[in-house]
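Asks: Contents are mmCIF, C-alpha atoms; file name my_file07.cif:
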data_query
#
loop_
_atom_site.label_atom_id
_atom_site.label_comp_id
_atom_site.auth_asym_id
_atom_site.auth_seq_id
_atom_site.Cartn_x
_atom_site.Cartn_y
_atom_site.Cartn_z
CA MET A 1 7.36 27.63 -1.17
CA THR A 2 7.01 24.47 0.89
CA ILE A 3 8.73 23.77 4.16
CA ASP A 4 11.36 21.80 2.22
CA MET A 5 12.59 24.97 0.54
CA HIS A 6 12.81 26.74 3.87
CA ASP A 7 14.77 23.81 5.23
CA LEU A 8 17.11 24.17 2.26
CA LEU A 9 17.61 27.86 3.01
CA ASN A 10 18.36 27.08 6.65
CA SER A 11 20.84 24.42 5.54
CA ILE A 12 22.59 26.91 3.24
CA ILE A 13 22.82 29.53 5.99
CA SER A 14 24.14 26.92 8.45
CA SER A 15 26.81 25.82 5.99
CA LEU A 16 27.93 29.45 5.60
CA ASP A 17 28.21 29.73 9.37
CA ARG A 18 30.52 26.70 9.37
CA THR A 19 32.78 28.08 6.65
CA GLU A 20 36.34 28.58 7.85
CA HIS A 21 39.57 29.23 5.99
CA VAL A 22 42.86 27.53 6.75
CA ARG A 23 44.70 29.73 9.22
CA PRO A 24 48.45 30.25 8.69
CA GLU A 25 49.22 28.84 12.14
CA GLU A 26 47.59 25.55 11.06
CA LEU A 27 50.19 25.13 8.32
CA PRO A 28 53.30 23.11 9.17
CA ASP A 29 56.40 25.22 9.84
CA ILE A 30 58.57 22.64 8.09
CA GLU A 31 58.91 22.10 4.36
CA LEU A 32 56.81 19.27 2.96
CA TYR A 33 57.20 16.67 0.26
CA MET A 34 54.47 16.32 -2.37
CA ASP A 35 52.65 13.48 -0.58
CA GLN A 36 52.54 15.51 2.62
CA VAL A 37 51.17 18.54 0.76
CA THR A 38 48.32 16.60 -0.88
CA THR A 39 47.52 14.84 2.41
CA PHE A 40 47.26 18.14 4.28
CA MET A 41 45.06 19.70 1.60
CA GLU A 42 42.78 16.67 1.56
CA GLN A 43 42.40 16.60 5.33
CA ARG A 44 41.83 20.32 5.75
CA LEU A 45 39.71 21.23 2.73
CA LYS A 46 37.82 18.07 1.81
CA PRO A 47 35.03 18.40 4.44
CA ALA A 48 33.74 21.52 2.64
CA THR A 49 33.45 19.84 -0.77
CA ARG A 50 30.19 18.77 -2.38
CA ASN A 51 31.07 15.06 -2.37
CA PRO A 52 33.75 14.49 0.29
CA GLU A 53 33.98 10.78 -0.50
CA ASP A 54 34.81 11.32 -4.18
CA ASP A 55 36.09 14.86 -4.76
CA LYS A 56 39.82 15.37 -5.19
CA ILE A 57 41.16 18.53 -3.60
CA MET A 58 44.62 18.65 -5.14
CA THR A 59 46.56 15.87 -6.84
CA LYS A 60 50.26 15.52 -7.64
CA THR A 61 49.46 16.09 -11.31
CA MET A 62 47.61 19.32 -10.50
CA ILE A 63 50.50 20.68 -8.42
CA ASN A 64 53.06 19.73 -11.08
CA ASN A 65 50.95 21.57 -13.65
CA TYR A 66 50.77 24.63 -11.39
CA VAL A 67 54.56 24.68 -11.25
CA LYS A 68 54.85 24.07 -15.00
CA ASN A 69 52.42 26.92 -15.77
CA ARG A 70 54.14 29.25 -13.27
CA LEU A 71 51.20 29.53 -10.90
CA ILE A 72 53.63 28.73 -8.08
CA PRO A 73 57.45 28.74 -7.92
CA PRO A 74 59.24 25.38 -8.22
CA PRO A 75 59.82 23.49 -4.95
CA ASP A 76 63.27 23.54 -3.39
CA LYS A 77 64.76 20.04 -3.60
CA LYS A 78 61.25 18.61 -4.01
CA LYS A 79 60.10 20.31 -0.81
CA TYR A 80 57.28 22.82 -0.57
CA SER A 81 57.42 25.72 1.88
CA LYS A 82 54.66 27.32 3.93
CA GLU A 83 54.46 30.01 1.25
CA HIS A 84 53.85 27.35 -1.39
CA MET A 85 50.99 26.08 0.75
CA LEU A 86 49.44 29.55 0.99
CA LEU A 87 49.58 29.92 -2.79
CA LEU A 88 48.01 26.48 -3.28
CA ILE A 89 45.13 27.42 -0.99
CA PHE A 90 44.50 30.57 -3.04
CA ILE A 91 44.58 28.47 -6.21
CA TYR A 92 42.15 25.95 -4.72
CA TYR A 93 39.56 28.67 -4.22
CA PHE A 94 40.23 30.35 -7.57
CA LYS A 95 40.12 27.26 -9.78
CA GLY A 96 36.40 26.73 -9.25
CA PHE A 97 35.53 29.73 -11.42
CA MET A 98 38.75 31.01 -13.03
CA SER A 99 40.77 29.62 -15.92
CA ILE A 100 44.34 28.46 -15.38
CA SER A 101 45.60 31.31 -17.57
CA ASP A 102 43.72 33.89 -15.50
CA ILE A 103 45.03 32.40 -12.25
CA GLN A 104 48.55 32.55 -13.67
CA LYS A 105 48.11 36.23 -14.56
CA LEU A 106 46.94 36.92 -11.02
CA MET A 107 49.53 34.82 -9.19
CA GLU A 108 52.63 35.76 -11.19
CA PRO A 109 53.00 39.34 -9.86
CA LEU A 110 52.03 38.13 -6.39
CA THR A 111 54.77 35.51 -6.26
CA ARG A 112 57.34 37.74 -7.97
CA GLN A 113 56.95 40.54 -5.44
CA TYR A 114 56.13 38.71 -2.22
CA PHE A 115 57.38 35.10 -2.38
CA GLY A 116 60.54 34.54 -0.35
CA GLU A 117 61.77 34.94 3.21
CA ASP A 118 63.78 38.06 2.34
CA LYS A 119 60.67 40.12 1.56
CA ASP A 120 59.62 42.93 3.91
CA PHE A 121 55.93 42.24 3.24
CA LYS A 122 55.30 38.53 3.00
CA LEU A 123 52.71 36.26 1.45
CA GLU A 124 51.53 35.30 4.91
CA ASP A 125 50.78 38.97 5.64
CA ILE A 126 48.70 39.17 2.46
CA TYR A 127 46.90 35.93 3.26
CA ARG A 128 46.02 37.10 6.78
CA GLU A 129 44.81 40.48 5.53
CA VAL A 130 42.59 38.98 2.83
CA PHE A 131 41.00 36.35 5.05
CA SER A 132 40.50 38.78 7.93
CA MET A 133 37.51 40.01 5.91
CA GLU A 134 35.91 36.56 5.92
CA LYS A 135 33.44 36.95 8.79
CA ASP A 136 32.00 40.25 7.59
CA GLU A 137 31.67 38.92 4.06
CA ILE A 138 29.89 35.78 5.25
CA ASP A 139 27.45 37.89 7.25
CA ASN A 140 26.80 40.08 4.18
CA LEU A 141 26.40 36.99 2.00
CA LYS A 142 23.83 35.45 4.37
CA LYS A 143 21.74 38.63 4.21
CA ASP A 144 21.98 38.67 0.41
CA VAL A 145 21.01 34.99 0.10
CA ILE A 146 17.98 35.50 2.33
CA LYS A 147 16.99 38.56 0.28
CA LYS A 148 17.21 36.59 -2.97
CA PHE A 149 15.25 33.73 -1.41
CA ARG A 150 12.43 36.08 -0.39
CA LYS A 151 12.41 37.57 -3.89
CA ALA A 152 12.19 34.12 -5.47
CA GLU A 153 9.29 33.30 -3.14
CA GLY A 154 7.27 36.02 -4.85
CA THR A 155 7.73 34.63 -8.35
CA PHE A 156 5.43 32.31 -10.36
CA THR A 157 2.42 32.90 -8.14
CA GLU A 158 0.05 32.50 -11.10
CA VAL A 159 1.09 28.96 -12.09
CA PRO A 160 -0.61 25.85 -10.65
CA GLU A 161 0.42 25.19 -7.06
CA ASP A 162 1.98 21.81 -7.85
CA GLU A 163 4.39 23.55 -10.28
CA GLN A 164 5.37 26.42 -8.01
CA GLU A 165 7.97 24.66 -5.85
CA PHE A 166 10.26 23.77 -8.77
CA LEU A 167 9.81 27.10 -10.54
CA LYS A 168 10.47 29.11 -7.38
CA MET A 169 13.62 27.04 -6.74
CA PHE A 170 14.65 27.62 -10.36
CA SER A 171 14.10 31.35 -9.86
CA PHE A 172 16.23 31.31 -6.70
CA ILE A 173 19.04 29.46 -8.50
CA CYS A 174 18.89 31.93 -11.40
CA LEU A 175 19.23 34.89 -9.02
CA LEU A 176 22.31 33.30 -7.45
CA CYS A 177 23.75 32.41 -10.86
CA PHE A 178 23.26 35.93 -12.19
CA ASP A 179 25.23 37.25 -9.23
CA VAL A 180 28.04 34.76 -9.89
CA TYR A 181 28.02 35.59 -13.62
CA LEU A 182 28.39 39.32 -13.01
CA LYS A 183 31.14 38.87 -10.42
CA LYS A 184 33.02 36.50 -12.71
CA MET A 185 32.82 39.09 -15.49
CA MET A 186 34.18 41.80 -13.16
CA ILE A 187 37.03 39.52 -12.03
CA GLU A 188 38.00 38.83 -15.64
CA LYS A 189 38.07 42.55 -16.44
CA MET A 190 40.28 43.25 -13.41
CA ILE A 191 42.68 40.44 -14.35
CA ASP A 192 42.93 41.85 -17.87
CA ASN A 193 43.75 45.21 -16.31
CA ILE A 194 46.46 43.61 -14.16
CA SER A 195 47.97 42.04 -17.27
CA GLU A 196 48.05 45.42 -19.01
CA LEU A 197 49.70 47.05 -15.99
CA GLU A 198 52.32 44.30 -15.74
CA SER A 199 53.03 44.54 -19.47
CA LYS A 200 53.45 48.31 -19.16
CA LYS A 201 55.85 47.84 -16.22
CA ASP A 202 57.92 45.37 -18.25
CA GLN A 203 58.11 47.79 -21.18
CA GLU A 204 59.17 50.65 -18.90
CA LYS A 205 61.81 48.43 -17.31
CA GLN A 206 63.18 47.43 -20.71
CA GLU A 207 63.28 51.07 -21.85
CA LYS A 208 65.08 52.05 -18.64
CA GLU A 209 67.68 49.31 -19.18
CA LYS A 210 68.18 50.41 -22.79
CA ARG A 211 68.74 54.03 -21.72
CA LYS A 212 71.18 52.88 -19.05
CA ALA A 213 73.05 50.76 -21.59
CA ARG A 214 73.28 53.66 -24.06
CA LYS A 215 74.69 55.93 -21.35
CA THR A 216 77.26 53.28 -20.44
CA VAL A 217 78.35 52.90 -24.08
CA GLY A 218 78.47 56.69 -24.53
#
What would the structure in this file look like if it were written as structure tokens?
Replies:
Amino acid sequence: MTIDMHDLLNSIISSLDRTEHVRPEELPDIELYMDQVTTFMEQRLKPATRNPEDDKIMTKTMINNYVKNRLIPPPDKKKYSKEHMLLLIFIYYFKGFMSISDIQKLMEPLTRQYFGEDKDFKLEDIYREVFSMEKDEIDNLKKDVIKKFRKAEGTFTEVPEDEQEFLKMFSFICLLCFDVYLKKMMIEKMIDNISELESKKDQEKQEKEKRKARKTVG
């Protein structure tokens, strides 16, 4: 590969080093109106997008659809809490590779069990725990990207030299895509499993209520 490809690899690794999640303490402690929510999301997440000048992070229509499709609970008097913000950040990361229906299946049990100030274990605790793994995962990802890059360097050595740069880059992209494809497939299988577990819980709950009702009548 030419020096340009190595520069690209260095740029990718540098961008991974700059990756940072939104920390809970950065979120406002007060409830926000819709315009304030979208403004915060734009300011905090837009720098990491592919085209910061054009890309939309989260619009009013998107958020209204998330509420309508039960990805997040409805706002209280048109105000969104810190917990709403945490859920929206999760959704922002998920929506790049998951369908709305899959996100809903994943978020519904999360919000049902952990959304609300009266919970012993809160959404913020879950958020902190999940993102505490970020640094280690980025380090592992950098090693994996470099490994795939080196592997792609060894491909298409028999083709004319003027064709190698594109084909080696294509090989590198395919290796990354294959990884994404397999992980997406695993995520979908796990979400299907969550749906089955939740459906089983609902059935057991209904059966329990029926037995309780029969005892009461008896």
Asks: Take the PyMOL selection byres ((chain A and resi 111) around 12), run it mentally on this structure, and tell me the resulting residues as a JSON list (two decimals) with C-alpha atoms, keeping the file's coordinate frame.
Replies:
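Result file follows (part_24.json):
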[["chain", "number", "residue", "atom", "x", "y", "z"],
["A", 67, "VAL", "CA", 54.56, 24.68, -11.25],
["A", 70, "ARG", "CA", 54.14, 29.25, -13.27],
["A", 71, "LEU", "CA", 51.20, 29.53, -10.90],
["A", 72, "ILE", "CA", 53.63, 28.73, -8.08],
["A", 73, "PRO", "CA", 57.45, 28.74, -7.92],
["A", 74, "PRO", "CA", 59.24, 25.38, -8.22],
["A", 83, "GLU", "CA", 54.46, 30.01, 1.25],
["A", 84, "HIS", "CA", 53.85, 27.35, -1.39],
["A", 86, "LEU", "CA", 49.44, 29.55, 0.99],
["A", 87, "LEU", "CA", 49.58, 29.92, -2.79],
["A", 88, "LEU", "CA", 48.01, 26.48, -3.28],
["A", 90, "PHE", "CA", 44.50, 30.57, -3.04],
["A", 103, "ILE", "CA", 45.03, 32.40, -12.25],
["A", 104, "GLN", "CA", 48.55, 32.55, -13.67],
["A", 105, "LYS", "CA", 48.11, 36.23, -14.56],
["A", 106, "LEU", "CA", 46.94, 36.92, -11.02],
["A", 107, "MET", "CA", 49.53, 34.82, -9.19],
["A", 108, "GLU", "CA", 52.63, 35.76, -11.19],
["A", 109, "PRO", "CA", 53.00, 39.34, -9.86],
["A", 110, "LEU", "CA", 52.03, 38.13, -6.39],
["A", 112, "ARG", "CA", 57.34, 37.74, -7.97],
["A", 113, "GLN", "CA", 56.95, 40.54, -5.44],
["A", 114, "TYR", "CA", 56.13, 38.71, -2.22],
["A", 115, "PHE", "CA", 57.38, 35.10, -2.38],
["A", 116, "GLY", "CA", 60.54, 34.54, -0.35],
["A", 117, "GLU", "CA", 61.77, 34.94, 3.21],
["A", 119, "LYS", "CA", 60.67, 40.12, 1.56],
["A", 121, "PHE", "CA", 55.93, 42.24, 3.24],
["A", 122, "LYS", "CA", 55.30, 38.53, 3.00],
["A", 123, "LEU", "CA", 52.71, 36.26, 1.45],
["A", 124, "GLU", "CA", 51.53, 35.30, 4.91],
["A", 126, "ILE", "CA", 48.70, 39.17, 2.46]]
Asks: Taking only C-alpha atoms into account, which of A:Ile194, A:Leu182, A:Ile100, A:Leu167 comes nearest Asn69 (chain A)?
Replies: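 Checking each candidate against Asn69 (chain A), we get A:Ile100 as the closest.
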Asks: Can you work out which one of A:Lys142, A:Lys82, A:Lys148, A:Lys201 has the shortest atom-to-atom distance to Pro28 (chain A), counting only C-alpha atoms?
Replies: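 Closest candidate: A:Lys82.
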Asks: Quick one: everything within 12 Å of region 18-27 of chain A, counting all atoms listed in the file, minus sequence neighbours fewer than 2 positions away in the same chain. Send it as a ChimeraX atom specification.
Replies: /A:11-16,29-32,36-37,40-41,43-49,80-90,92-93,123-135,137-139,141-142
Asks: Calculate how many Å separate CA of Glu158 (chain A) from CA of Val145 (chain A), rounding to one decimal.
Replies: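 A separation of 23.9 Å between them.
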Asks: Quick check, in Å to one decimal: how far apart do CA of Gly154 (chain A) and CA of Phe172 (chain A) lie?
Replies: 10.3 Å
Asks: Mind giving me the straight-line distance from CA of Lys79 (chain A) to CA of Tyr33 (chain A) in Å, one decimal?
Replies: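 Value for the CA of Lys79 (chain A)-CA of Tyr33 (chain A) distance: 4.8 Å.
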Asks: Quick one: residues within 12 Å of Cys174 (chain A), only C-alpha atoms counted, chain neighbours fewer than 6 positions away excluded, as number ranges by chain?
Replies: A: 148-149, 151-152, 155, 167-168, 180-181
Asks: Considering all atoms listed in the file, can you say which of A:Ile173, A:Ile57, A:Ile191, A:Met98 comes closest to Glu153 (chain A)?
Replies: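 Residue with the minimum atom-to-atom distance to Glu153 (chain A): A:Ile173.
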Asks: Name the closest residue to Phe170 (chain A) among the candidates A:Asn10, A:Lys183, A:Gln203, A:Phe156; distances are taken between atoms, counting all atoms listed in the file.
Replies: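 Closest candidate: A:Phe156.
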Asks: Using all atoms listed in the file, which residue out of A:Pro75, A:Ser199, A:Asp4, A:Leu9 lies closest to Ile146 (chain A)?
Replies: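 Closest to Ile146 (chain A), using all atoms listed in the file: A:Leu9.
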